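Okay, upload_11.cif now, which holds mmCIF, C-alpha atoms:
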```
data_start
#
loop_
_atom_site.label_atom_id
_atom_site.label_comp_id
_atom_site.auth_asym_id
_atom_site.auth_seq_id
_atom_site.Cartn_x
_atom_site.Cartn_y
_atom_site.Cartn_z
CA MET O 859 -39.12 -98.98 -54.80
CA PRO O 860 -36.45 -96.36 -55.64
CA ALA O 861 -33.60 -97.50 -57.90
CA SER O 862 -30.06 -97.66 -56.55
CA ILE O 863 -27.01 -96.35 -58.38
CA GLY O 864 -25.69 -99.89 -58.75
CA THR O 865 -28.90 -101.26 -60.26
CA ALA O 866 -29.30 -98.34 -62.66
CA LEU O 867 -25.65 -98.56 -63.67
CA THR O 868 -25.90 -102.28 -64.43
CA GLU O 869 -29.00 -101.75 -66.57
CA ALA O 870 -27.39 -98.84 -68.41
CA ALA O 871 -24.25 -100.87 -69.14
CA ARG O 872 -26.38 -103.79 -70.38
CA THR O 873 -28.23 -101.51 -72.81
CA LEU O 874 -25.00 -99.99 -74.12
CA GLN O 875 -23.36 -103.38 -74.55
CA ALA O 876 -26.33 -104.63 -76.55
CA SER O 877 -25.93 -101.61 -78.83
CA GLY O 878 -22.30 -102.42 -79.58
CA ILE O 879 -20.67 -99.73 -77.42
CA SER O 880 -17.06 -100.81 -76.90
CA GLU O 881 -16.76 -99.80 -73.24
CA PRO O 882 -20.33 -99.99 -71.94
CA ARG O 883 -19.55 -99.98 -68.22
CA LEU O 884 -17.16 -97.05 -68.54
CA ASP O 885 -19.62 -94.99 -70.57
CA ALA O 886 -22.50 -95.87 -68.25
CA GLY O 887 -20.42 -94.70 -65.32
CA ALA O 888 -19.57 -91.43 -67.04
CA LEU O 889 -23.24 -90.77 -67.78
CA MET O 890 -24.21 -91.64 -64.22
CA SER O 891 -21.56 -89.31 -62.85
CA HIS O 892 -22.83 -86.53 -65.09
CA VAL O 893 -26.46 -87.06 -64.08
CA ILE O 894 -25.99 -87.20 -60.31
CA GLY O 895 -23.15 -84.68 -60.14
CA ARG O 896 -20.78 -87.00 -58.28
CA ASP O 897 -17.40 -88.39 -59.29
CA ARG O 898 -16.70 -91.98 -60.29
CA ALA O 899 -15.18 -92.76 -56.88
CA PHE O 900 -18.53 -92.02 -55.21
CA ILE O 901 -20.37 -94.24 -57.67
CA VAL O 902 -18.01 -97.16 -57.03
CA ALA O 903 -18.07 -96.68 -53.25
CA HIS O 904 -21.85 -96.19 -52.92
CA PRO O 905 -23.72 -98.51 -55.30
CA GLU O 906 -26.57 -98.66 -52.77
CA ALA O 907 -27.20 -94.90 -52.92
CA VAL O 908 -30.61 -93.94 -54.28
CA ILE O 909 -31.01 -92.27 -57.66
CA THR O 910 -34.12 -90.09 -57.87
CA LYS O 911 -36.82 -90.63 -60.49
CA PRO O 912 -35.92 -87.45 -62.43
CA GLN O 913 -32.26 -88.49 -62.40
CA LEU O 914 -33.14 -91.98 -63.57
CA LYS O 915 -35.25 -90.61 -66.40
CA ARG O 916 -32.43 -88.32 -67.48
CA LEU O 917 -29.95 -91.21 -67.32
CA GLU O 918 -32.20 -93.37 -69.48
CA GLU O 919 -32.48 -90.56 -72.05
CA PHE O 920 -28.69 -90.20 -72.16
CA VAL O 921 -28.17 -93.95 -72.44
CA THR O 922 -30.57 -94.06 -75.38
CA ARG O 923 -28.65 -91.30 -77.14
CA ARG O 924 -25.32 -93.04 -76.49
CA ALA O 925 -26.73 -96.38 -77.69
CA GLN O 926 -27.72 -94.67 -80.93
CA GLY O 927 -24.10 -93.69 -81.53
CA GLU O 928 -23.99 -90.13 -80.21
CA PRO O 929 -20.50 -89.45 -78.80
CA LEU O 930 -20.32 -89.48 -75.02
CA GLN O 931 -18.67 -86.06 -75.00
CA TYR O 932 -21.55 -84.43 -76.87
CA ILE O 933 -23.98 -85.83 -74.30
CA THR O 934 -22.02 -84.66 -71.25
CA GLY O 935 -20.71 -81.54 -73.01
CA HIS O 936 -17.18 -82.02 -71.71
CA GLN O 937 -13.80 -83.50 -72.59
CA GLU O 938 -10.54 -83.43 -70.63
CA PHE O 939 -7.53 -82.26 -72.62
CA PHE O 940 -4.03 -81.46 -71.39
CA LYS O 941 -5.04 -80.98 -67.73
CA LEU O 942 -8.07 -78.80 -68.52
CA ASP O 943 -11.78 -79.51 -68.92
CA PHE O 944 -13.22 -78.26 -72.22
CA GLU O 945 -16.77 -77.65 -73.29
CA VAL O 946 -17.55 -79.55 -76.48
CA THR O 947 -20.65 -79.42 -78.65
CA PRO O 948 -21.57 -81.03 -82.00
CA ASP O 949 -20.13 -77.86 -83.60
CA VAL O 950 -16.56 -78.87 -82.74
CA LEU O 951 -14.23 -81.81 -83.06
CA ILE O 952 -13.80 -83.78 -79.84
CA PRO O 953 -10.24 -83.22 -78.49
CA ARG O 954 -8.17 -86.40 -78.55
CA PRO O 955 -5.12 -87.51 -76.56
CA GLU O 956 -2.82 -87.65 -79.60
CA THR O 957 -3.39 -83.95 -80.24
CA GLU O 958 -1.70 -83.21 -76.91
CA LEU O 959 1.55 -84.02 -78.75
CA ILE O 960 1.27 -80.60 -80.38
CA ILE O 961 1.32 -78.85 -77.02
CA GLU O 962 4.21 -80.98 -75.79
CA ALA O 963 6.14 -80.04 -78.94
CA VAL O 964 5.41 -76.33 -78.42
CA LEU O 965 6.65 -76.51 -74.83
CA ASP O 966 9.87 -78.07 -76.13
CA LEU O 967 10.32 -75.26 -78.65
CA VAL O 968 9.51 -72.23 -76.47
CA HIS O 969 10.05 -71.54 -72.78
CA THR O 970 6.85 -71.03 -70.79
CA ASP O 971 7.99 -67.52 -69.76
CA THR O 972 8.70 -66.40 -73.33
CA GLN O 973 6.64 -63.64 -74.93
CA PHE O 974 5.38 -64.91 -78.26
CA THR O 975 2.35 -64.80 -80.51
CA PHE O 976 0.99 -67.91 -82.17
CA GLY O 977 -1.82 -68.93 -84.48
CA ASP O 978 -4.14 -71.90 -84.07
CA ILE O 979 -5.56 -72.87 -87.45
CA GLY O 980 -8.91 -74.65 -87.20
CA THR O 981 -9.17 -73.88 -83.51
CA GLY O 982 -12.51 -75.66 -82.97
CA SER O 983 -13.09 -75.92 -79.22
CA GLY O 984 -9.96 -73.87 -78.68
CA CYS O 985 -8.27 -76.77 -76.92
CA LEU O 986 -4.85 -76.07 -78.45
CA ALA O 987 -4.88 -72.29 -78.12
CA VAL O 988 -6.33 -72.28 -74.61
CA SER O 989 -3.98 -75.01 -73.37
CA ILE O 990 -0.88 -73.26 -74.71
CA LEU O 991 -2.03 -69.94 -73.26
CA ASN O 992 -2.65 -71.67 -69.94
CA GLU O 993 0.91 -73.01 -69.95
CA CYS O 994 2.58 -69.87 -71.28
CA GLY O 995 1.49 -66.81 -69.34
CA ASN O 996 3.15 -64.27 -71.66
CA ALA O 997 1.85 -65.73 -74.91
CA HIS O 998 -0.90 -64.29 -77.11
CA ALA O 999 -2.90 -66.27 -79.65
CA LEU O 1000 -4.88 -65.89 -82.85
CA GLY O 1001 -7.53 -68.60 -83.19
CA ILE O 1002 -8.89 -69.17 -86.69
CA ASP O 1003 -11.86 -71.26 -87.78
CA THR O 1004 -14.33 -71.25 -90.66
CA SER O 1005 -17.19 -71.99 -88.25
CA GLU O 1006 -18.82 -69.16 -86.32
CA GLN O 1007 -20.40 -71.71 -84.00
CA ALA O 1008 -17.03 -73.29 -83.23
CA LEU O 1009 -15.56 -69.88 -82.44
CA ARG O 1010 -18.32 -69.31 -79.89
CA VAL O 1011 -17.34 -72.56 -78.15
CA ALA O 1012 -13.67 -71.53 -78.22
CA GLN O 1013 -14.57 -68.16 -76.71
CA ARG O 1014 -16.45 -69.81 -73.83
CA ASN O 1015 -13.53 -72.15 -73.16
CA ALA O 1016 -11.10 -69.23 -73.17
CA GLU O 1017 -13.27 -67.35 -70.71
CA ARG O 1018 -13.67 -70.39 -68.50
CA HIS O 1019 -9.91 -70.85 -68.24
CA ARG O 1020 -9.23 -67.11 -67.94
CA VAL O 1021 -7.16 -66.61 -71.08
CA ALA O 1022 -9.74 -64.76 -73.20
CA ASN O 1023 -7.83 -61.48 -72.86
CA ARG O 1024 -4.92 -63.09 -74.71
CA LEU O 1025 -6.90 -64.84 -77.44
CA ARG O 1026 -8.24 -63.16 -80.59
CA LEU O 1027 -10.71 -65.27 -82.56
CA VAL O 1028 -11.27 -64.72 -86.28
CA GLN O 1029 -13.63 -66.46 -88.70
CA SER O 1030 -11.45 -67.27 -91.70
CA ASP O 1031 -10.57 -69.98 -94.18
CA LEU O 1032 -6.93 -70.45 -93.18
CA PHE O 1033 -5.36 -66.99 -93.55
CA ASP O 1034 -7.85 -65.50 -96.03
CA ALA O 1035 -9.21 -62.95 -93.53
CA ILE O 1036 -5.81 -62.24 -91.93
CA SER O 1037 -3.74 -59.23 -92.94
CA VAL O 1038 -0.72 -60.09 -95.08
CA ASN O 1039 1.31 -57.93 -92.70
CA GLU O 1040 0.48 -60.01 -89.62
CA THR O 1041 3.32 -62.33 -88.65
CA LEU O 1042 3.51 -64.92 -85.90
CA ASP O 1043 6.23 -66.70 -83.97
CA LEU O 1044 4.49 -70.05 -84.12
CA ILE O 1045 1.57 -71.75 -85.86
CA VAL O 1046 -0.18 -74.88 -84.62
CA SER O 1047 -2.94 -76.85 -86.27
CA ASN O 1048 -4.95 -80.04 -86.12
CA PRO O 1049 -6.24 -79.77 -89.68
CA PRO O 1050 -8.81 -82.01 -91.40
CA TYR O 1051 -6.85 -84.97 -92.80
CA VAL O 1052 -9.29 -87.83 -93.42
CA ALA O 1053 -9.34 -88.93 -97.07
CA ASP O 1054 -12.68 -89.02 -98.90
CA ASP O 1055 -12.83 -92.82 -99.14
CA GLU O 1056 -12.03 -93.13 -95.42
CA MET O 1057 -14.82 -90.71 -94.50
CA LYS O 1058 -17.35 -93.34 -95.56
CA ILE O 1059 -16.02 -95.98 -93.16
CA LEU O 1060 -15.40 -93.90 -90.04
CA GLN O 1061 -16.87 -95.15 -86.76
CA ARG O 1062 -20.48 -94.06 -86.33
CA GLU O 1063 -19.50 -91.82 -83.38
CA VAL O 1064 -16.85 -90.03 -85.45
CA GLN O 1065 -19.35 -89.50 -88.26
CA ARG O 1066 -21.35 -87.35 -85.82
CA GLU O 1067 -18.46 -84.87 -85.61
CA PRO O 1068 -18.28 -81.85 -87.96
CA ARG O 1069 -17.37 -82.98 -91.45
CA SER O 1070 -15.45 -79.74 -92.03
CA ALA O 1071 -13.11 -80.67 -89.18
CA LEU O 1072 -12.41 -84.13 -90.60
CA ALA O 1073 -12.55 -84.18 -94.40
CA GLY O 1074 -9.18 -83.52 -96.01
CA GLY O 1075 -10.01 -84.12 -99.68
CA SER O 1076 -9.26 -87.03 -101.97
CA ASP O 1077 -6.00 -87.99 -100.25
CA GLY O 1078 -6.57 -86.25 -96.92
CA LEU O 1079 -3.83 -83.71 -97.60
CA ALA O 1080 -5.72 -80.83 -99.24
CA LEU O 1081 -5.68 -78.54 -96.19
CA ILE O 1082 -2.15 -79.59 -95.24
CA ARG O 1083 -0.89 -78.57 -98.69
CA ARG O 1084 -2.48 -75.15 -98.24
CA LEU O 1085 -1.07 -74.83 -94.74
CA LEU O 1086 2.47 -75.59 -95.91
CA LEU O 1087 2.15 -73.04 -98.72
CA ASP O 1088 0.42 -70.25 -96.79
CA ALA O 1089 2.00 -70.47 -93.35
CA PRO O 1090 5.44 -69.09 -94.34
CA GLY O 1091 3.83 -65.76 -95.27
CA HIS O 1092 2.61 -65.37 -91.70
CA LEU O 1093 5.68 -66.65 -89.86
CA ARG O 1094 8.72 -64.64 -88.92
CA PRO O 1095 12.09 -66.14 -89.98
CA GLY O 1096 12.90 -68.90 -87.50
CA GLY O 1097 9.23 -69.32 -86.60
CA TYR O 1098 7.72 -72.74 -86.11
CA LEU O 1099 4.87 -74.73 -87.65
CA VAL O 1100 3.57 -77.74 -85.71
CA PHE O 1101 0.65 -79.79 -86.94
CA GLU O 1102 -1.01 -83.18 -86.68
CA PHE O 1103 -1.58 -85.59 -89.55
CA GLY O 1104 -3.18 -88.97 -90.15
CA ILE O 1105 -2.01 -92.56 -90.11
CA ASN O 1106 0.37 -93.45 -92.97
CA GLN O 1107 0.60 -89.84 -94.17
CA ASP O 1108 4.13 -89.15 -92.90
CA VAL O 1109 5.93 -90.18 -96.10
CA ALA O 1110 3.66 -88.05 -98.29
CA ILE O 1111 4.01 -85.08 -95.95
CA ARG O 1112 7.80 -85.34 -95.98
CA ASP O 1113 7.61 -85.06 -99.76
CA LEU O 1114 5.33 -82.00 -99.51
CA VAL O 1115 7.75 -80.08 -97.29
CA ASP O 1116 9.73 -77.58 -99.38
CA ARG O 1117 13.25 -77.82 -97.95
CA LYS O 1118 14.10 -74.38 -99.38
CA VAL O 1119 11.42 -72.92 -97.09
CA TRP O 1120 11.36 -75.27 -94.13
CA LYS O 1121 13.79 -77.05 -91.86
CA LEU O 1122 12.26 -80.38 -90.82
CA ILE O 1123 13.01 -80.61 -87.10
CA GLU O 1124 11.23 -83.83 -86.26
CA ILE O 1125 8.28 -86.12 -86.84
CA ARG O 1126 6.96 -87.47 -83.53
CA ASN O 1127 5.07 -90.68 -82.86
CA ASP O 1128 1.98 -90.98 -80.70
CA LEU O 1129 1.64 -93.46 -77.84
CA GLN O 1130 0.92 -96.26 -80.34
CA GLN O 1131 4.21 -95.39 -82.08
CA ILE O 1132 2.34 -94.04 -85.11
CA PRO O 1133 3.88 -90.95 -86.79
CA ARG O 1134 1.45 -88.19 -85.87
CA THR O 1135 3.01 -84.72 -85.43
CA ILE O 1136 5.49 -82.73 -87.50
CA LEU O 1137 7.73 -79.90 -86.26
CA LEU O 1138 8.97 -77.45 -88.90
CA GLN O 1139 10.99 -74.26 -88.72
CA LYS O 1140 10.89 -71.49 -91.31
CA LYS O 1141 14.30 -70.78 -92.75
#
```
Mind turning the file's structure into structure tokens?
Amino acid sequence: MPASIGTALTEAARTLQASGISEPRLDAGALMSHVIGRDRAFIVAHPEAVITKPQLKRLEEFVTRRAQGEPLQYITGHQEFFKLDFEVTPDVLIPRPETELIIEAVLDLVHTDTQFTFGDIGTGSGCLAVSILNECGNAHALGIDTSEQALRVAQRNAERHRVANRLRLVQSDLFDAISVNETLDLIVSNPPYVADDEMKILQREVQREPRSALAGGSDGLALIRRLLLDAPGHLRPGGYLVFEFGINQDVAIRDLVDRKVWKLIEIRNDLQQIPRTILLQKK
């Protein structure tokens, strides 16, 4: 007898729950939606609908992967971020809601019609660069990453959202491969900021993400120190630097900011009221 969506969904959720997945029903529904190519509303409204044998086999394979700790987004290959759908692979960090604060900050600093050029340091999937370009039709971007594989993902996302003609991607360790004469109006970044001792106790799903996109050295601030030192050389006077940082790092970052170089505009909290994003302006 063919399996129904409802029966398969219940079994999938049971397997995920037994494996310690925090939201088993939600993840099972996402995997089901991905397998059958229908949205969640259809799944809820039609639990009696038949799932084919090939679809059921594929669902079972995906559930096994998820139960083993593989992030849901790497299985489906997608993650929503700031109104857009992004391709994600194990070569890139999974975009997170708190990182949308960077885009909100940028939109507070520059008008969407303004012509400006910005850099995205550690672009990964390109979620920041592509989202800002999508919002600001006259902007141009430089996306930088050390990973060639990540840059390929960013390129595909730029093409998908029709901003590739305004995005230049460069493989570089921060600004090492960028001309000293190239200046920008704005720099954004979600740099690696997890301290070495915290890397060992990350959730098993997070440990599947690229270490280079997470590990920030002994105190988590190694890349942030470099960013604060190197960014002024590539910003015009009055240009902005906006970046994300980790929990309980705000005090240390305030101390790292050279007030002779930077004006500290604001440190913004995320939805959990945790300091998360800093807005700086070059003097």
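Here atom CA of O:Gly1091 is placed at a distance of 10.3 Å from atom CA of O:Ser1037.
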Given the PyMOL selection byres ((chain O and resi 1110) around 12) and the file above, list the residues it selects as number ranges by chain. O: 1077-1080, 1082-1083, 1103-1109, 1111-1115, 1133
Output for the residues just chosen: C-alpha atoms as a compact mmCIF listing (two decimals), in the frame of the given file:
```txt
# COMPACT_ATOMS: atom_id res chain seq x y z
CA ASP O 1077 -6.00 -87.99 -100.25
CA GLY O 1078 -6.57 -86.25 -96.92
CA LEU O 1079 -3.83 -83.71 -97.60
CA ALA O 1080 -5.72 -80.83 -99.24
CA ILE O 1082 -2.15 -79.59 -95.24
CA ARG O 1083 -0.89 -78.57 -98.69
CA PHE O 1103 -1.58 -85.59 -89.55
CA GLY O 1104 -3.18 -88.97 -90.15
CA ILE O 1105 -2.01 -92.56 -90.11
CA ASN O 1106 0.37 -93.45 -92.97
CA GLN O 1107 0.60 -89.84 -94.17
CA ASP O 1108 4.13 -89.15 -92.90
CA VAL O 1109 5.93 -90.18 -96.10
CA ILE O 1111 4.01 -85.08 -95.95
CA ARG O 1112 7.80 -85.34 -95.98
CA ASP O 1113 7.61 -85.06 -99.76
CA LEU O 1114 5.33 -82.00 -99.51
CA VAL O 1115 7.75 -80.08 -97.29
CA PRO O 1133 3.88 -90.95 -86.79
```
Spatial neighbours of O:Val1052, max dist 7 Å, all atoms listed in the file, sep filter under 4 positions, as a ChimeraX atom specification: /O:1056-1057,1072-1074,1078
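Of the residues under consideration (O:Asp1034, O:Glu906, O:Glu956, O:Asp1043), O:Asp1043 shows the shortest atom-to-atom contact distance to O:His998 when counting only C-alpha atoms.
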If you apply the PyMOL selection byres ((chain O and resi 1122) around 12) to this file, what residues do you get, as JSON, numbers by chain? {"O": [1096, 1098, 1099, 1100, 1111, 1112, 1113, 1114, 1115, 1116, 1117, 1118, 1119, 1120, 1121, 1123, 1124, 1125, 1126, 1135, 1136, 1137, 1138, 1139, 1140, 1141]}
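Here atom CA of O:Leu889 and atom CA of O:Glu919 stand 10.2 Å from one another.
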Selected residue of minimal separation from O:Val1011 among O:Thr972, O:Ser1076, O:Gln926, O:Ser983, counting all atoms listed in the file: O:Ser983
Counting all atoms listed in the file, what are the residues of stretch 963-1079 of chain O within 12 Å of stretch 937-941 of chain O, and for each of them which pair of atoms is the nearest and at what distance in Å, to one decimal? Sort the table by chain and rising number, as JSON lines.
```
{"residue": "O:Ser983", "atom": "CA", "partner": "O:Gln937", "partner_atom": "CA", "distance": 10.1}
{"residue": "O:Gly984", "atom": "CA", "partner": "O:Phe939", "partner_atom": "CA", "distance": 10.6}
{"residue": "O:Cys985", "atom": "CA", "partner": "O:Phe939", "partner_atom": "CA", "distance": 7.0}
{"residue": "O:Leu986", "atom": "CA", "partner": "O:Phe939", "partner_atom": "CA", "distance": 8.9}
{"residue": "O:Ala987", "atom": "CA", "partner": "O:Phe940", "partner_atom": "CA", "distance": 11.4}
{"residue": "O:Val988", "atom": "CA", "partner": "O:Phe940", "partner_atom": "CA", "distance": 10.0}
{"residue": "O:Ser989", "atom": "CA", "partner": "O:Phe940", "partner_atom": "CA", "distance": 6.7}
{"residue": "O:Ile990", "atom": "CA", "partner": "O:Phe940", "partner_atom": "CA", "distance": 9.4}
{"residue": "O:Leu991", "atom": "CA", "partner": "O:Phe940", "partner_atom": "CA", "distance": 11.8}
{"residue": "O:Asn992", "atom": "CA", "partner": "O:Lys941", "partner_atom": "CA", "distance": 9.9}
{"residue": "O:Glu993", "atom": "CA", "partner": "O:Phe940", "partner_atom": "CA", "distance": 9.9}
{"residue": "O:Asn1015", "atom": "CA", "partner": "O:Gln937", "partner_atom": "CA", "distance": 11.4}
{"residue": "O:His1019", "atom": "CA", "partner": "O:Lys941", "partner_atom": "CA", "distance": 11.3}
```
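Nearest residue to O:Ile979 among O:Gln1029, O:Thr947, O:Thr957, O:Asn1048 is O:Asn1048, counting all atoms listed in the file.
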So for stretch 1077-1085 of chain O, what box centre and size do we get, axis-aligned, 5 Å extra on each of the six sides, every listed atom, Å to one decimal, as JSON?
```
{"center_x": -3.7, "center_y": -81.4, "center_z": -97.5, "size_x": 15.7, "size_y": 23.2, "size_z": 15.5}
```
